[in-house]
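run-v8.cif follows (mmCIF, N, CA and C atoms):
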data_my_file
#
loop_
_atom_site.label_atom_id
_atom_site.label_comp_id
_atom_site.auth_asym_id
_atom_site.auth_seq_id
_atom_site.Cartn_x
_atom_site.Cartn_y
_atom_site.Cartn_z
N MET A 1079 -22.14 6.56 -19.62
CA MET A 1079 -21.83 5.26 -20.16
C MET A 1079 -20.90 4.49 -19.22
N LYS A 1080 -19.90 5.23 -18.67
CA LYS A 1080 -18.99 4.59 -17.73
C LYS A 1080 -19.75 4.06 -16.52
N LEU A 1081 -20.72 4.84 -16.06
CA LEU A 1081 -21.51 4.46 -14.90
C LEU A 1081 -22.28 3.18 -15.15
N LEU A 1082 -22.86 3.08 -16.32
CA LEU A 1082 -23.61 1.88 -16.67
C LEU A 1082 -22.67 0.68 -16.72
N THR A 1083 -21.51 0.87 -17.31
CA THR A 1083 -20.52 -0.20 -17.39
C THR A 1083 -20.10 -0.64 -16.00
N LEU A 1084 -19.83 0.31 -15.13
CA LEU A 1084 -19.44 -0.02 -13.76
C LEU A 1084 -20.55 -0.79 -13.04
N GLY A 1085 -21.77 -0.36 -13.24
CA GLY A 1085 -22.91 -1.04 -12.62
C GLY A 1085 -23.00 -2.48 -13.08
N ILE A 1086 -22.83 -2.70 -14.37
CA ILE A 1086 -22.89 -4.06 -14.92
C ILE A 1086 -21.76 -4.91 -14.37
N VAL A 1087 -20.56 -4.34 -14.29
CA VAL A 1087 -19.41 -5.08 -13.75
C VAL A 1087 -19.68 -5.50 -12.30
N PHE A 1088 -20.26 -4.61 -11.51
CA PHE A 1088 -20.56 -4.93 -10.12
C PHE A 1088 -21.59 -6.05 -10.02
N VAL A 1089 -22.59 -6.01 -10.86
CA VAL A 1089 -23.62 -7.06 -10.82
C VAL A 1089 -23.00 -8.41 -11.16
N PHE A 1090 -22.15 -8.45 -12.18
CA PHE A 1090 -21.52 -9.71 -12.53
C PHE A 1090 -20.54 -10.18 -11.46
N SER A 1091 -19.83 -9.25 -10.85
CA SER A 1091 -18.89 -9.66 -9.79
C SER A 1091 -19.66 -10.23 -8.61
N LEU A 1092 -20.83 -9.68 -8.32
CA LEU A 1092 -21.64 -10.22 -7.24
C LEU A 1092 -22.14 -11.61 -7.57
N SER A 1093 -22.53 -11.85 -8.82
CA SER A 1093 -23.02 -13.18 -9.19
C SER A 1093 -21.89 -14.20 -9.15
N VAL A 1094 -20.69 -13.81 -9.55
CA VAL A 1094 -19.55 -14.73 -9.46
C VAL A 1094 -19.24 -15.05 -8.01
N PHE A 1095 -19.30 -14.05 -7.16
CA PHE A 1095 -19.08 -14.26 -5.73
C PHE A 1095 -20.12 -15.23 -5.18
N ALA A 1096 -21.37 -15.07 -5.57
CA ALA A 1096 -22.44 -15.94 -5.08
C ALA A 1096 -22.25 -17.36 -5.59
N GLU A 1097 -21.77 -17.55 -6.82
CA GLU A 1097 -21.54 -18.89 -7.34
C GLU A 1097 -20.46 -19.61 -6.55
N GLY A 1098 -19.41 -18.91 -6.22
CA GLY A 1098 -18.33 -19.53 -5.46
C GLY A 1098 -18.77 -19.92 -4.07
N GLU A 1099 -19.65 -19.15 -3.47
CA GLU A 1099 -20.12 -19.46 -2.13
C GLU A 1099 -21.15 -20.57 -2.13
N GLY A 1100 -21.79 -20.82 -3.25
CA GLY A 1100 -22.80 -21.86 -3.31
C GLY A 1100 -22.22 -23.23 -3.03
N LYS A 1101 -20.92 -23.39 -3.17
CA LYS A 1101 -20.27 -24.67 -2.93
C LYS A 1101 -20.08 -24.95 -1.45
N MET A 1102 -20.12 -23.90 -0.63
CA MET A 1102 -19.90 -24.07 0.79
C MET A 1102 -21.19 -24.55 1.47
N LYS A 1103 -21.02 -25.43 2.43
CA LYS A 1103 -22.16 -25.89 3.21
C LYS A 1103 -22.09 -25.16 4.54
N ASP A 1104 -22.78 -24.02 4.59
CA ASP A 1104 -22.67 -23.23 5.81
C ASP A 1104 -23.99 -23.22 6.56
N SER A 1105 -23.93 -22.71 7.73
CA SER A 1105 -25.08 -22.68 8.63
C SER A 1105 -26.06 -21.58 8.23
N PRO A 1106 -27.28 -21.64 8.74
CA PRO A 1106 -28.25 -20.58 8.47
C PRO A 1106 -27.77 -19.21 8.95
N GLU A 1107 -26.97 -19.18 10.01
CA GLU A 1107 -26.46 -17.91 10.51
C GLU A 1107 -25.52 -17.28 9.48
N MET A 1108 -24.67 -18.11 8.88
CA MET A 1108 -23.74 -17.60 7.88
C MET A 1108 -24.50 -17.14 6.64
N PHE A 1109 -25.55 -17.87 6.27
CA PHE A 1109 -26.37 -17.46 5.14
C PHE A 1109 -26.97 -16.09 5.40
N GLY A 1110 -27.51 -15.90 6.60
CA GLY A 1110 -28.11 -14.61 6.95
C GLY A 1110 -27.10 -13.49 6.88
N GLU A 1111 -25.89 -13.75 7.34
CA GLU A 1111 -24.84 -12.73 7.32
C GLU A 1111 -24.46 -12.38 5.88
N ARG A 1112 -24.29 -13.41 5.04
CA ARG A 1112 -23.94 -13.18 3.64
C ARG A 1112 -25.05 -12.42 2.91
N LYS A 1113 -26.29 -12.81 3.19
CA LYS A 1113 -27.44 -12.15 2.56
C LYS A 1113 -27.49 -10.68 2.95
N GLU A 1114 -27.29 -10.41 4.23
CA GLU A 1114 -27.30 -9.03 4.72
C GLU A 1114 -26.22 -8.19 4.06
N LYS A 1115 -25.02 -8.75 3.95
CA LYS A 1115 -23.90 -8.03 3.32
C LYS A 1115 -24.18 -7.78 1.84
N ALA A 1116 -24.74 -8.78 1.15
CA ALA A 1116 -25.04 -8.62 -0.27
C ALA A 1116 -26.06 -7.50 -0.48
N LEU A 1117 -27.09 -7.49 0.35
CA LEU A 1117 -28.10 -6.43 0.24
C LEU A 1117 -27.51 -5.06 0.55
N GLU A 1118 -26.61 -5.03 1.52
CA GLU A 1118 -25.95 -3.77 1.87
C GLU A 1118 -25.12 -3.24 0.69
N HIS A 1119 -24.40 -4.14 0.02
CA HIS A 1119 -23.58 -3.73 -1.12
C HIS A 1119 -24.46 -3.26 -2.28
N ILE A 1120 -25.55 -3.94 -2.52
CA ILE A 1120 -26.46 -3.54 -3.59
C ILE A 1120 -27.05 -2.16 -3.29
N THR A 1121 -27.46 -1.94 -2.06
CA THR A 1121 -28.02 -0.64 -1.67
C THR A 1121 -27.00 0.47 -1.85
N THR A 1122 -25.76 0.20 -1.49
CA THR A 1122 -24.69 1.19 -1.66
C THR A 1122 -24.52 1.56 -3.13
N ARG A 1123 -24.51 0.55 -3.99
CA ARG A 1123 -24.35 0.82 -5.42
C ARG A 1123 -25.55 1.58 -5.98
N ILE A 1124 -26.75 1.18 -5.57
CA ILE A 1124 -27.95 1.87 -6.05
C ILE A 1124 -27.92 3.34 -5.63
N ASN A 1125 -27.55 3.59 -4.38
CA ASN A 1125 -27.47 4.98 -3.90
C ASN A 1125 -26.45 5.80 -4.70
N ALA A 1126 -25.30 5.19 -4.97
CA ALA A 1126 -24.26 5.90 -5.73
C ALA A 1126 -24.76 6.20 -7.15
N LEU A 1127 -25.44 5.25 -7.77
CA LEU A 1127 -25.96 5.47 -9.12
C LEU A 1127 -27.07 6.52 -9.13
N THR A 1128 -27.91 6.51 -8.10
CA THR A 1128 -28.98 7.50 -8.00
C THR A 1128 -28.41 8.90 -7.84
N GLU A 1129 -27.40 9.03 -6.99
CA GLU A 1129 -26.74 10.33 -6.81
C GLU A 1129 -26.10 10.79 -8.11
N ALA A 1130 -25.47 9.86 -8.83
CA ALA A 1130 -24.84 10.21 -10.10
C ALA A 1130 -25.89 10.67 -11.11
N LYS A 1131 -27.00 9.98 -11.16
CA LYS A 1131 -28.07 10.36 -12.08
C LYS A 1131 -28.59 11.76 -11.78
N THR A 1132 -28.79 12.05 -10.50
CA THR A 1132 -29.26 13.38 -10.09
C THR A 1132 -28.25 14.45 -10.47
N CYS A 1133 -26.99 14.17 -10.20
CA CYS A 1133 -25.93 15.13 -10.51
C CYS A 1133 -25.85 15.38 -12.02
N ILE A 1134 -25.88 14.31 -12.80
CA ILE A 1134 -25.78 14.44 -14.25
C ILE A 1134 -26.99 15.20 -14.80
N SER A 1135 -28.16 14.93 -14.25
CA SER A 1135 -29.37 15.63 -14.70
C SER A 1135 -29.28 17.13 -14.42
N ALA A 1136 -28.62 17.50 -13.34
CA ALA A 1136 -28.51 18.91 -12.95
C ALA A 1136 -27.32 19.62 -13.60
N ALA A 1137 -26.43 18.86 -14.26
CA ALA A 1137 -25.23 19.45 -14.86
C ALA A 1137 -25.61 20.44 -15.96
N GLN A 1138 -24.96 21.62 -15.93
CA GLN A 1138 -25.24 22.68 -16.90
C GLN A 1138 -24.17 22.80 -17.99
N ASP A 1139 -22.99 22.21 -17.73
CA ASP A 1139 -21.92 22.29 -18.72
C ASP A 1139 -21.03 21.06 -18.64
N ALA A 1140 -20.05 21.02 -19.51
CA ALA A 1140 -19.16 19.85 -19.60
C ALA A 1140 -18.35 19.65 -18.33
N ASN A 1141 -17.91 20.75 -17.71
CA ASN A 1141 -17.13 20.63 -16.47
C ASN A 1141 -17.96 20.03 -15.34
N ALA A 1142 -19.21 20.43 -15.24
CA ALA A 1142 -20.10 19.88 -14.21
C ALA A 1142 -20.33 18.39 -14.44
N LEU A 1143 -20.50 18.03 -15.72
CA LEU A 1143 -20.69 16.61 -16.05
C LEU A 1143 -19.45 15.80 -15.70
N LYS A 1144 -18.30 16.39 -15.97
CA LYS A 1144 -17.03 15.73 -15.65
C LYS A 1144 -16.90 15.51 -14.14
N GLU A 1145 -17.27 16.50 -13.37
CA GLU A 1145 -17.22 16.39 -11.91
C GLU A 1145 -18.20 15.32 -11.40
N CYS A 1146 -19.37 15.25 -12.02
CA CYS A 1146 -20.35 14.22 -11.64
C CYS A 1146 -19.77 12.83 -11.87
N ASN A 1147 -19.18 12.64 -13.05
CA ASN A 1147 -18.59 11.33 -13.37
C ASN A 1147 -17.43 10.99 -12.45
N LYS A 1148 -16.62 11.99 -12.14
CA LYS A 1148 -15.48 11.77 -11.25
C LYS A 1148 -15.97 11.37 -9.85
N SER A 1149 -16.96 12.05 -9.36
CA SER A 1149 -17.52 11.76 -8.04
C SER A 1149 -18.16 10.36 -8.02
N ALA A 1150 -18.90 10.03 -9.06
CA ALA A 1150 -19.54 8.72 -9.14
C ALA A 1150 -18.49 7.61 -9.18
N HIS A 1151 -17.44 7.85 -9.94
CA HIS A 1151 -16.37 6.85 -10.05
C HIS A 1151 -15.71 6.61 -8.69
N GLN A 1152 -15.43 7.68 -7.96
CA GLN A 1152 -14.82 7.55 -6.64
C GLN A 1152 -15.72 6.77 -5.69
N LYS A 1153 -17.01 7.04 -5.73
CA LYS A 1153 -17.95 6.33 -4.85
C LYS A 1153 -18.02 4.86 -5.21
N MET A 1154 -18.02 4.54 -6.49
CA MET A 1154 -18.09 3.14 -6.91
C MET A 1154 -16.79 2.40 -6.54
N MET A 1155 -15.67 3.07 -6.67
CA MET A 1155 -14.40 2.44 -6.31
C MET A 1155 -14.35 2.18 -4.80
N ALA A 1156 -14.87 3.11 -4.01
CA ALA A 1156 -14.93 2.91 -2.56
C ALA A 1156 -15.85 1.74 -2.23
N ALA A 1157 -16.97 1.64 -2.93
CA ALA A 1157 -17.90 0.53 -2.70
C ALA A 1157 -17.24 -0.80 -3.08
N ARG A 1158 -16.48 -0.80 -4.18
CA ARG A 1158 -15.79 -2.02 -4.61
C ARG A 1158 -14.75 -2.45 -3.58
N LYS A 1159 -13.99 -1.48 -3.05
CA LYS A 1159 -12.98 -1.80 -2.04
C LYS A 1159 -13.65 -2.37 -0.78
N ASN A 1160 -14.75 -1.77 -0.38
CA ASN A 1160 -15.49 -2.25 0.79
C ASN A 1160 -15.98 -3.69 0.55
N PHE A 1161 -16.48 -3.94 -0.64
CA PHE A 1161 -16.95 -5.28 -1.00
C PHE A 1161 -15.81 -6.29 -0.92
N ARG A 1162 -14.67 -5.93 -1.48
CA ARG A 1162 -13.50 -6.83 -1.46
C ARG A 1162 -13.03 -7.09 -0.02
N ASP A 1163 -13.00 -6.03 0.79
CA ASP A 1163 -12.58 -6.19 2.18
C ASP A 1163 -13.54 -7.11 2.94
N ASP A 1164 -14.83 -6.92 2.72
CA ASP A 1164 -15.82 -7.78 3.38
C ASP A 1164 -15.69 -9.23 2.93
N ARG A 1165 -15.47 -9.42 1.63
CA ARG A 1165 -15.31 -10.78 1.11
C ARG A 1165 -14.07 -11.44 1.68
N LYS A 1166 -12.98 -10.68 1.79
CA LYS A 1166 -11.74 -11.21 2.35
C LYS A 1166 -11.94 -11.58 3.82
N ALA A 1167 -12.63 -10.73 4.57
CA ALA A 1167 -12.91 -11.00 5.99
C ALA A 1167 -13.78 -12.25 6.13
N PHE A 1168 -14.75 -12.41 5.23
CA PHE A 1168 -15.62 -13.58 5.27
C PHE A 1168 -14.81 -14.86 5.02
N LYS A 1169 -13.92 -14.81 4.02
CA LYS A 1169 -13.09 -15.99 3.71
C LYS A 1169 -12.19 -16.33 4.89
N GLU A 1170 -11.62 -15.32 5.53
CA GLU A 1170 -10.78 -15.56 6.70
C GLU A 1170 -11.60 -16.17 7.83
N LYS A 1171 -12.81 -15.68 7.99
CA LYS A 1171 -13.68 -16.22 9.03
C LYS A 1171 -14.00 -17.69 8.74
N MET A 1172 -14.23 -18.01 7.48
CA MET A 1172 -14.53 -19.39 7.10
C MET A 1172 -13.32 -20.30 7.34
N LYS A 1173 -12.12 -19.78 7.06
CA LYS A 1173 -10.91 -20.57 7.29
C LYS A 1173 -10.73 -20.87 8.77
N GLY A 1174 -11.12 -19.92 9.61
CA GLY A 1174 -10.93 -20.07 11.04
C GLY A 1174 -11.98 -20.92 11.73
N MET A 1175 -13.07 -21.23 11.06
CA MET A 1175 -14.14 -22.00 11.69
C MET A 1175 -13.76 -23.47 11.75
N LYS A 1176 -14.02 -24.07 12.89
CA LYS A 1176 -13.76 -25.49 13.05
C LYS A 1176 -14.77 -26.28 12.25
N GLY A 1177 -14.32 -27.36 11.66
CA GLY A 1177 -15.22 -28.22 10.92
C GLY A 1177 -15.49 -27.72 9.52
N MET A 1178 -14.96 -26.57 9.16
CA MET A 1178 -15.20 -26.01 7.83
C MET A 1178 -13.96 -26.15 6.96
N LYS A 1179 -12.93 -26.81 7.44
CA LYS A 1179 -11.70 -26.96 6.69
C LYS A 1179 -11.95 -27.67 5.37
N GLY A 1180 -11.41 -27.14 4.33
CA GLY A 1180 -11.52 -27.79 3.04
C GLY A 1180 -12.81 -27.50 2.30
N MET A 1181 -13.64 -26.61 2.79
CA MET A 1181 -14.91 -26.35 2.14
C MET A 1181 -14.83 -25.10 1.27
N HIS A 1182 -13.69 -24.83 0.72
CA HIS A 1182 -13.51 -23.63 -0.07
C HIS A 1182 -13.46 -23.94 -1.56
N GLY A 1183 -13.85 -25.14 -1.96
CA GLY A 1183 -13.94 -25.49 -3.36
C GLY A 1183 -12.61 -25.58 -4.07
N LYS A 1184 -11.54 -25.95 -3.37
CA LYS A 1184 -10.21 -25.97 -3.98
C LYS A 1184 -9.80 -27.38 -4.42
N GLY A 1185 -10.70 -28.29 -4.47
CA GLY A 1185 -10.36 -29.62 -4.94
C GLY A 1185 -11.32 -30.65 -4.42
N LYS A 1186 -11.28 -31.80 -5.04
CA LYS A 1186 -12.19 -32.87 -4.63
C LYS A 1186 -11.59 -33.62 -3.45
N GLY A 1187 -12.46 -34.09 -2.60
CA GLY A 1187 -12.03 -34.95 -1.50
C GLY A 1187 -11.37 -34.23 -0.35
N LYS A 1188 -11.57 -32.93 -0.24
CA LYS A 1188 -10.94 -32.20 0.85
C LYS A 1188 -11.92 -31.74 1.92
N GLY A 1189 -13.18 -32.02 1.73
CA GLY A 1189 -14.18 -31.57 2.69
C GLY A 1189 -14.33 -32.53 3.85
N PRO A 1190 -15.17 -32.18 4.82
CA PRO A 1190 -15.37 -33.01 6.00
C PRO A 1190 -15.92 -34.39 5.66
N MET A 1191 -16.73 -34.48 4.63
CA MET A 1191 -17.28 -35.77 4.24
C MET A 1191 -16.18 -36.69 3.72
N ALA A 1192 -15.21 -36.14 3.03
CA ALA A 1192 -14.10 -36.93 2.52
C ALA A 1192 -13.26 -37.46 3.68
N ASP A 1193 -13.11 -36.65 4.73
CA ASP A 1193 -12.35 -37.09 5.89
C ASP A 1193 -13.01 -38.30 6.55
N ASP A 1194 -14.34 -38.24 6.66
CA ASP A 1194 -15.07 -39.35 7.26
C ASP A 1194 -14.97 -40.60 6.40
N ALA A 1195 -15.11 -40.42 5.10
CA ALA A 1195 -15.10 -41.57 4.20
C ALA A 1195 -13.71 -42.20 4.15
N ALA A 1196 -12.67 -41.38 4.25
CA ALA A 1196 -11.31 -41.91 4.19
C ALA A 1196 -10.98 -42.72 5.43
N GLY A 1197 -11.56 -42.35 6.56
CA GLY A 1197 -11.24 -43.02 7.81
C GLY A 1197 -12.05 -44.29 8.05
N GLU A 1198 -13.12 -44.47 7.33
CA GLU A 1198 -13.99 -45.62 7.51
C GLU A 1198 -14.03 -46.45 6.26
N GLU A 1199 -14.03 -47.72 6.44
CA GLU A 1199 -14.21 -48.60 5.31
C GLU A 1199 -15.58 -49.22 5.43
N MET A 1200 -16.22 -49.44 4.32
CA MET A 1200 -17.53 -50.05 4.30
C MET A 1200 -17.36 -51.56 4.52
N THR A 1201 -17.91 -52.07 5.57
CA THR A 1201 -17.84 -53.51 5.83
C THR A 1201 -19.24 -54.00 6.15
N GLU A 1202 -19.55 -55.17 5.65
CA GLU A 1202 -20.83 -55.78 5.96
C GLU A 1202 -20.57 -56.97 6.85
N GLU A 1203 -21.36 -57.08 7.87
CA GLU A 1203 -21.20 -58.22 8.79
C GLU A 1203 -22.37 -59.12 8.73
#
Spell out the structure here as structure tokens.
Amino acid sequence: MKLLTLGIVFVFSLSVFAEGEGKMKDSPEMFGERKEKALEHITTRINALTEAKTCISAAQDANALKECNKSAHQKMMAARKNFRDDRKAFKEKMKGMKGMKGMHGKGKGKGPMADDAAGEEMTEE
């Protein structure tokens, strides 16, 4: 049951992460990188769940089941830490990119388009 709960939490955390990134206007290269990382994280979680299922199926007593759950929990926590580290590195990379300042969804009028609009006035001649 814990494993199922952890799996559901990971799926929702991934969807929240994807929603936050949808606000960024990034290049196709960045999209490819994000997509690759997302698939890598999903594969890691699937593998951990598959291993847990195999272990639980082979368990002969309560102690073996306990060890399976403990091992699965450790693997999922390691996957979560890896996901967080990758997300943090991605955000840092985005902060460091030129022309991407203000595209982190932290308020209105802070993106590159707002900078252009603020510096130009609409005049008709």
### Task
With all atoms listed in the file counted, which protein, DNA or RNA residues have an atom no more than 6.5 Å from (-20.8, -5.8, -1.8) in the file frame? Please answer as a ChimeraX atom specification.
/A:1115-1116,1118-1120,1157,1160-1162
### Task
Grab the CA of Glu1129 in chain A to CA of Gln1152 in chain A distance for me, in Å with one decimal place.
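One can read the CA of Glu1129 in chain A to CA of Gln1152 in chain A distance as 12.2 Å.
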### Pairwise distance for CA of Thr1122 in chain A and CA of Arg1158 in chain A, rounded to one decimal in Å
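Between CA of Thr1122 in chain A and CA of Arg1158 in chain A the gap is 9.9 Å.
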### Task
Expand the PyMOL selection byres (((chain A and resi 1151 and name CA) around 10) and name CA) into the individual residues it matches in the shown file, reporting them as a PyMOL selection string.
chain A and resi 1080-1081+1084+1126-1127+1130+1145-1150+1152-1157
### Task
Can you work out the spacing between atom C of Asp1163 in chain A and CA of Met1175 in chain A in Å, to one decimal?
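Spanning atom C of Asp1163 in chain A to CA of Met1175 in chain A is a straight-line distance of 17.3 Å.
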